[in-house]
Structures are given as C-alpha cells and as structure tokens.
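final-v2.cif, holding mmCIF, C-alpha atoms:
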data_query
loop_
_atom_site.group_PDB
_atom_site.id
_atom_site.type_symbol
_atom_site.label_atom_id
_atom_site.label_comp_id
_atom_site.auth_asym_id
_atom_site.auth_seq_id
_atom_site.Cartn_x
_atom_site.Cartn_y
_atom_site.Cartn_z
ATOM 1 C CA MET A 29 32.989 -22.289 10.069
ATOM 2 C CA GLN A 30 30.804 -25.322 9.633
ATOM 3 C CA ASN A 31 32.056 -28.897 9.279
ATOM 4 C CA ASP A 32 31.903 -28.622 5.478
ATOM 5 C CA GLY A 33 34.247 -25.585 5.448
ATOM 6 C CA THR A 34 31.572 -22.996 4.691
ATOM 7 C CA SER A 35 30.502 -20.207 6.970
ATOM 8 C CA PRO A 36 26.930 -20.348 8.333
ATOM 9 C CA LYS A 37 26.051 -17.175 6.420
ATOM 10 C CA SER A 38 27.275 -18.432 3.029
ATOM 11 C CA SER A 39 25.446 -21.758 3.339
ATOM 12 C CA LEU A 40 22.276 -19.908 4.363
ATOM 13 C CA THR A 41 22.588 -17.599 1.347
ATOM 14 C CA ALA A 42 23.204 -20.559 -0.917
ATOM 15 C CA GLY A 43 20.079 -22.222 0.450
ATOM 16 C CA LEU A 44 18.013 -19.109 -0.203
ATOM 17 C CA GLN A 45 19.297 -18.836 -3.744
ATOM 18 C CA THR A 46 18.425 -22.454 -4.362
ATOM 19 C CA ARG A 47 14.881 -21.929 -3.061
ATOM 20 C CA SER A 48 14.537 -18.775 -5.140
ATOM 21 C CA GLU A 49 15.766 -20.514 -8.263
ATOM 22 C CA ARG A 50 13.334 -23.354 -7.697
ATOM 23 C CA SER A 51 10.357 -20.995 -7.298
ATOM 24 C CA MET A 52 11.265 -18.904 -10.356
ATOM 25 C CA LYS A 53 10.245 -20.976 -13.355
ATOM 26 C CA LEU A 54 10.791 -18.662 -16.295
ATOM 27 C CA GLU A 55 9.425 -21.223 -18.723
ATOM 28 C CA ASP A 56 6.120 -21.384 -16.812
ATOM 29 C CA GLN A 57 3.401 -19.041 -18.117
ATOM 30 C CA GLU A 58 1.795 -18.943 -14.645
ATOM 31 C CA TYR A 59 5.015 -17.418 -13.264
ATOM 32 C CA TRP A 60 4.777 -14.600 -15.816
ATOM 33 C CA LYS A 61 1.057 -14.073 -15.220
ATOM 34 C CA SER A 62 1.698 -13.806 -11.473
ATOM 35 C CA LEU A 63 4.536 -11.324 -12.006
ATOM 36 C CA ILE A 64 2.403 -9.195 -14.350
ATOM 37 C CA ASN A 65 -0.553 -9.388 -11.965
ATOM 38 C CA MET A 66 1.560 -8.143 -9.050
ATOM 39 C CA SER A 67 2.901 -5.303 -11.173
ATOM 40 C CA LEU A 68 -0.479 -4.148 -12.457
ATOM 41 C CA CYS A 69 -2.533 -4.562 -9.300
ATOM 42 C CA LYS A 70 -1.806 -1.143 -7.784
ATOM 43 C CA PHE A 71 -2.362 0.518 -11.164
ATOM 44 C CA PHE A 72 -5.750 -1.186 -11.605
ATOM 45 C CA ILE A 73 -6.854 -0.241 -8.087
ATOM 46 C CA LEU A 74 -5.898 3.392 -8.724
ATOM 47 C CA GLN A 75 -7.842 3.257 -11.999
ATOM 48 C CA THR A 76 -10.925 1.912 -10.231
ATOM 49 C CA LEU A 77 -10.808 4.563 -7.515
ATOM 50 C CA TYR A 78 -10.126 7.270 -10.111
ATOM 51 C CA GLN A 79 -13.589 6.615 -11.552
ATOM 52 C CA GLU A 80 -15.438 6.992 -8.245
ATOM 53 C CA PRO A 81 -15.249 6.138 -4.522
ATOM 54 C CA VAL A 82 -15.684 2.397 -3.969
ATOM 55 C CA TYR A 83 -15.705 -0.047 -1.053
ATOM 56 C CA GLY A 84 -13.143 -2.844 -0.930
ATOM 57 C CA TYR A 85 -15.205 -5.764 -2.223
ATOM 58 C CA ALA A 86 -16.563 -3.609 -5.067
ATOM 59 C CA VAL A 87 -12.971 -2.853 -6.126
ATOM 60 C CA LEU A 88 -12.353 -6.577 -6.585
ATOM 61 C CA LYS A 89 -15.676 -7.061 -8.382
ATOM 62 C CA ARG A 90 -14.961 -4.202 -10.810
ATOM 63 C CA LEU A 91 -11.448 -5.439 -11.470
ATOM 64 C CA ARG A 92 -12.796 -8.891 -12.304
ATOM 65 C CA GLU A 93 -15.282 -7.327 -14.717
ATOM 66 C CA PHE A 94 -12.948 -5.075 -16.658
ATOM 67 C CA THR A 95 -9.933 -7.405 -16.698
ATOM 68 C CA GLN A 96 -12.185 -10.369 -17.570
ATOM 69 C CA GLY A 97 -10.202 -12.563 -15.186
ATOM 70 C CA CYS A 98 -6.790 -11.468 -16.487
ATOM 71 C CA CYS A 99 -4.628 -9.809 -13.835
ATOM 72 C CA THR A 100 -7.383 -9.903 -11.226
ATOM 73 C CA PRO A 101 -5.970 -9.501 -7.720
ATOM 74 C CA THR A 102 -7.202 -11.422 -4.687
ATOM 75 C CA TYR A 103 -8.684 -10.105 -1.419
ATOM 76 C CA GLY A 104 -5.306 -10.692 0.167
ATOM 77 C CA THR A 105 -3.728 -8.354 -2.381
ATOM 78 C CA ILE A 106 -6.350 -5.600 -2.514
ATOM 79 C CA TYR A 107 -6.655 -4.706 1.155
ATOM 80 C CA PRO A 108 -2.924 -4.214 1.855
ATOM 81 C CA ILE A 109 -2.704 -1.977 -1.230
ATOM 82 C CA LEU A 110 -5.742 0.034 -0.107
ATOM 83 C CA LYS A 111 -4.149 0.446 3.344
ATOM 84 C CA GLU A 112 -0.884 1.519 1.702
ATOM 85 C CA LEU A 113 -2.731 4.074 -0.448
ATOM 86 C CA VAL A 114 -4.429 5.512 2.646
ATOM 87 C CA LYS A 115 -1.168 5.593 4.624
ATOM 88 C CA GLY A 116 0.578 7.401 1.752
ATOM 89 C CA GLU A 117 -2.341 9.845 1.531
ATOM 90 C CA TYR A 118 -3.187 8.737 -2.018
ATOM 91 C CA ALA A 119 -6.640 7.695 -0.828
ATOM 92 C CA LYS A 120 -8.912 8.419 2.071
ATOM 93 C CA VAL A 121 -11.335 6.027 3.697
ATOM 94 C CA LYS A 122 -14.662 6.615 5.390
ATOM 95 C CA SER A 123 -17.271 4.297 6.821
ATOM 96 C CA GLU A 124 -20.684 4.207 5.174
ATOM 97 C CA THR A 125 -23.704 1.990 5.599
ATOM 98 C CA ILE A 126 -24.503 0.266 2.311
ATOM 99 C CA ASN A 127 -27.469 -2.122 2.164
ATOM 100 C CA GLY A 128 -27.532 -2.240 5.956
ATOM 101 C CA ARG A 129 -23.834 -3.129 6.240
ATOM 102 C CA GLU A 130 -21.038 -0.871 7.326
ATOM 103 C CA ARG A 131 -18.422 -0.617 4.583
ATOM 104 C CA LYS A 132 -15.115 1.171 4.224
ATOM 105 C CA VAL A 133 -15.358 3.364 1.142
ATOM 106 C CA TYR A 134 -12.091 4.397 -0.499
ATOM 107 C CA GLU A 135 -11.676 7.599 -2.486
ATOM 108 C CA LEU A 136 -8.606 9.010 -4.194
ATOM 109 C CA THR A 137 -7.200 12.251 -2.868
ATOM 110 C CA ALA A 138 -5.747 14.910 -5.188
ATOM 111 C CA LYS A 139 -2.352 13.242 -4.611
ATOM 112 C CA GLY A 140 -3.840 9.862 -5.607
ATOM 113 C CA ARG A 141 -5.422 11.316 -8.755
ATOM 114 C CA LYS A 142 -2.052 12.805 -9.730
ATOM 115 C CA ALA A 143 -0.351 9.458 -9.048
ATOM 116 C CA TYR A 144 -2.809 7.682 -11.369
ATOM 117 C CA GLU A 145 -2.294 10.301 -14.089
ATOM 118 C CA GLU A 146 1.494 9.844 -13.790
ATOM 119 C CA ALA A 147 1.051 6.064 -13.988
ATOM 120 C CA ILE A 148 -0.936 6.510 -17.209
ATOM 121 C CA ARG A 149 1.890 8.594 -18.698
ATOM 122 C CA ALA A 150 4.445 5.973 -17.666
ATOM 123 C CA TRP A 151 2.413 3.171 -19.267
ATOM 124 C CA GLU A 152 1.903 5.232 -22.429
ATOM 125 C CA GLU A 153 5.672 5.564 -22.655
ATOM 126 C CA VAL A 154 6.391 1.889 -22.001
ATOM 127 C CA MET A 155 3.634 0.236 -24.071
ATOM 128 C CA PRO A 156 5.007 1.037 -27.557
ATOM 129 C CA CYS A 157 8.364 -0.436 -26.567
ATOM 130 C CA LEU A 158 6.740 -3.482 -24.982
ATOM 131 C CA ASN A 159 4.541 -4.040 -28.049
ATOM 132 C CA LYS A 160 7.579 -3.732 -30.327
ATOM 133 C CA VAL A 161 9.503 -6.302 -28.283
ATOM 134 C CA ILE A 162 6.528 -8.694 -28.269
ATOM 135 C CA GLU A 163 5.963 -8.360 -32.013
ATOM 136 C CA GLY A 164 9.700 -8.822 -32.690
ATOM 137 C CA GLY A 165 9.697 -11.921 -30.507
ATOM 138 C CA LYS A 166 6.753 -13.413 -32.427
ATOM 139 C CA GLN A 167 8.661 -13.095 -35.708
ATOM 140 C CA ASN A 168 11.481 -15.204 -34.302
ATOM 141 C CA VAL A 169 9.223 -18.015 -33.089
#

Now that the file is in, can you turn its structure into structure tokens?
Amino acid sequence: MQNDGTSPKSSLTAGLQTRSERSMKLEDQEYWKSLINMSLCKFFILQTLYQEPVYGYAVLKRLREFTQGCCTPTYGTIYPILKELVKGEYAKVKSETINGRERKVYELTAKGRKAYEEAIRAWEEVMPCLNKVIEGGKQNV
C-alpha cells in the first residue's frame, strides 16, 4: 500500500490509462489518419511487392506516388515491416548492386502472394460496409 491507500500496481495502471486517454484524441483528424495509416501500411507494402521485387527506398517512393501522400508510411515504419515479412517467410531479400550501390531487394514468396490475395478479399468484404457507414454518417451531419 502507498500513503494514499492505493497499491503501487493500481496507481501505475491509473497513470497509464491517463496517459493513454490523453494521447487518444478521437476528435482529432490526425489521430484517425495515423490509425488508418498504421492499419494500411502492411497492406500497401504487400501490394507494392506483389507487383515486382523492389528495394526498401523504392517501396516508400512508390507508396508516396500511388497514395498521393495519404497513408504514406515513414522509413521507420517500412523497414520493420519488411523484416517482419522476411521473418514470416512472406518475402525474401537478396542483395543487388543498383546504380553502383548495394541494395536489399525484397520479393514476395508464394506465401506472401497468397497473403496479399487474402488481404484483398478481406478488404473487398469490409469496404461495402465501411462505405455504407460513412454515407449513413454523412446524412446525419
């Protein structure tokens, strides 16, 4: 027990909840953009690698192009996901020299291609519902 009658664990948990509540600003559009970006990042990387083998920086460049700045991950997001894909055997990596520089080129494996195809099916199932909810919400505004 602490002097205020709470156990150390409960006051620690309360402090974490308070921090969490402060960082989660549901009325802030940037919060929602960040949440969506985190959710879509792996999907977009799979989509990029599904088209052809690509080195890390080129993944980011292509994502910036086709998302036009919306949901574009950062370097700090891309590389851990690429490592995770390799570790899970969804992608393989090999070193190549491109324009005189050694680059790690990532390519989807058969397992990675199947994962992307399953992700597409999941999004196809979710999108009509999401669109319906969004359209219904607009009518009430």

Could you list, as a ChimeraX atom specification, every residue within 12 Å of Leu63 of chain A, counting all atoms listed in the file and ignoring same-chain residues fewer than 3 positions away?
/A:52-54,56-60,66-69,99,101

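With distances taken over all atoms listed in the file, A:Glu124 is the one residue among A:Glu124, A:Glu146, A:Glu163, A:Glu152 lying closest to Tyr83 of chain A.
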
Please provide the set of residues having any atom within 12 Å of Thr100 of chain A, restricted to all atoms listed in the file, with same-chain residues fewer than 6 positions apart removed, written as a PDB file with C-alpha atoms, keeping the file's coordinate frame.
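Everything below was put into result25.pdb:
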ATOM      1  CA  LYS A  61       1.057 -14.073 -15.220  1.00  0.00           C
ATOM      2  CA  SER A  62       1.698 -13.806 -11.473  1.00  0.00           C
ATOM      3  CA  ILE A  64       2.403  -9.195 -14.350  1.00  0.00           C
ATOM      4  CA  ASN A  65      -0.553  -9.388 -11.965  1.00  0.00           C
ATOM      5  CA  MET A  66       1.560  -8.143  -9.050  1.00  0.00           C
ATOM      6  CA  SER A  67       2.901  -5.303 -11.173  1.00  0.00           C
ATOM      7  CA  LEU A  68      -0.479  -4.148 -12.457  1.00  0.00           C
ATOM      8  CA  CYS A  69      -2.533  -4.562  -9.300  1.00  0.00           C
ATOM      9  CA  LYS A  70      -1.806  -1.143  -7.784  1.00  0.00           C
ATOM     10  CA  PHE A  71      -2.362   0.518 -11.164  1.00  0.00           C
ATOM     11  CA  PHE A  72      -5.750  -1.186 -11.605  1.00  0.00           C
ATOM     12  CA  ILE A  73      -6.854  -0.241  -8.087  1.00  0.00           C
ATOM     13  CA  VAL A  87     -12.971  -2.853  -6.126  1.00  0.00           C
ATOM     14  CA  LEU A  88     -12.353  -6.577  -6.585  1.00  0.00           C
ATOM     15  CA  LYS A  89     -15.676  -7.061  -8.382  1.00  0.00           C
ATOM     16  CA  ARG A  90     -14.961  -4.202 -10.810  1.00  0.00           C
ATOM     17  CA  LEU A  91     -11.448  -5.439 -11.470  1.00  0.00           C
ATOM     18  CA  ARG A  92     -12.796  -8.891 -12.304  1.00  0.00           C
ATOM     19  CA  GLU A  93     -15.282  -7.327 -14.717  1.00  0.00           C
ATOM     20  CA  PHE A  94     -12.948  -5.075 -16.658  1.00  0.00           C
ATOM     21  CA  ILE A 106      -6.350  -5.600  -2.514  1.00  0.00           C
TER      22      ILE A 106
END

Just give me the residues with any atom within 6 Å of (-1.4, 9.2, -4.0), file coordinates, counting all atoms listed in the file, written as a PyMOL selection string. chain A and resi 117-118+139-140+143

Pairwise distance, atom CA of Ile148 of chain A with atom CA of Tyr103 of chain A, equals 24.2 Å

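When atom CA of Ala138 of chain A is paired with atom CA of Glu153 of chain A, their separation reads 22.9 Å.
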
I'd like the neighbourhood of Lys132 of chain A as an mmCIF file with C-alpha atoms, keeping the file's coordinate frame, where a residue qualifies if any of its atoms comes within 12 Å (using all atoms listed in the file), though same-chain residues fewer than 5 positions away should be ignored.
data_model
loop_
_atom_site.group_PDB
_atom_site.id
_atom_site.type_symbol
_atom_site.label_atom_id
_atom_site.label_comp_id
_atom_site.auth_asym_id
_atom_site.auth_seq_id
_atom_site.Cartn_x
_atom_site.Cartn_y
_atom_site.Cartn_z
ATOM 1 C CA PRO A 81 -15.249 6.138 -4.522
ATOM 2 C CA VAL A 82 -15.684 2.397 -3.969
ATOM 3 C CA TYR A 83 -15.705 -0.047 -1.053
ATOM 4 C CA GLY A 84 -13.143 -2.844 -0.930
ATOM 5 C CA TYR A 85 -15.205 -5.764 -2.223
ATOM 6 C CA ALA A 86 -16.563 -3.609 -5.067
ATOM 7 C CA VAL A 87 -12.971 -2.853 -6.126
ATOM 8 C CA TYR A 107 -6.655 -4.706 1.155
ATOM 9 C CA LEU A 110 -5.742 0.034 -0.107
ATOM 10 C CA LYS A 111 -4.149 0.446 3.344
ATOM 11 C CA VAL A 114 -4.429 5.512 2.646
ATOM 12 C CA ALA A 119 -6.640 7.695 -0.828
ATOM 13 C CA LYS A 120 -8.912 8.419 2.071
ATOM 14 C CA VAL A 121 -11.335 6.027 3.697
ATOM 15 C CA LYS A 122 -14.662 6.615 5.390
ATOM 16 C CA SER A 123 -17.271 4.297 6.821
ATOM 17 C CA GLU A 124 -20.684 4.207 5.174
ATOM 18 C CA THR A 125 -23.704 1.990 5.599
ATOM 19 C CA ILE A 126 -24.503 0.266 2.311
#

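Closest approach to Glu135 of chain A among A:Glu55, A:Cys98, A:Leu113, A:Trp151 is made by A:Leu113 (distances from all atoms listed in the file).
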
Could I get segment 105-143 of chain A from the block written as a compact mmCIF listing (two decimals), in the first residue's frame, with C-alpha atoms?
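Contents of selection.txt, as written:
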# COMPACT_ATOMS: atom_id res chain seq x y z
CA THR A 105 7.64 2.00 -40.44
CA ILE A 106 8.66 0.33 -43.70
CA TYR A 107 11.84 -1.43 -42.64
CA PRO A 108 10.42 -3.21 -39.56
CA ILE A 109 7.50 -4.43 -41.69
CA LEU A 110 9.88 -5.66 -44.41
CA LYS A 111 11.92 -7.50 -41.75
CA GLU A 112 8.71 -9.00 -40.34
CA LEU A 113 7.64 -10.15 -43.82
CA VAL A 114 11.02 -11.82 -44.35
CA LYS A 115 10.97 -13.45 -40.90
CA GLY A 116 7.46 -14.80 -41.55
CA GLU A 117 8.60 -16.08 -44.96
CA TYR A 118 6.14 -13.80 -46.79
CA ALA A 119 9.06 -12.15 -48.56
CA LYS A 120 12.65 -12.94 -49.35
CA VAL A 121 15.51 -10.50 -49.56
CA LYS A 122 18.65 -10.51 -51.67
CA SER A 123 21.44 -8.01 -52.15
CA GLU A 124 21.86 -6.43 -55.57
CA THR A 125 24.01 -3.62 -56.87
CA ILE A 126 21.80 -0.87 -58.29
CA ASN A 127 23.46 2.24 -59.74
CA GLY A 128 26.70 1.29 -58.02
CA ARG A 129 25.07 0.89 -54.60
CA GLU A 130 24.31 -2.32 -52.81
CA ARG A 131 20.59 -2.56 -52.08
CA LYS A 132 18.38 -5.09 -50.35
CA VAL A 133 15.71 -6.13 -52.83
CA TYR A 134 12.51 -7.59 -51.40
CA GLU A 135 10.33 -10.06 -53.27
CA LEU A 136 7.14 -11.79 -52.18
CA THR A 137 7.23 -15.54 -51.79
CA ALA A 138 4.27 -17.74 -52.76
CA LYS A 139 3.11 -17.42 -49.13
CA GLY A 140 3.36 -13.61 -49.39
CA ARG A 141 1.41 -13.55 -52.66
CA LYS A 142 -1.33 -15.65 -51.04
CA ALA A 143 -1.36 -13.32 -48.02
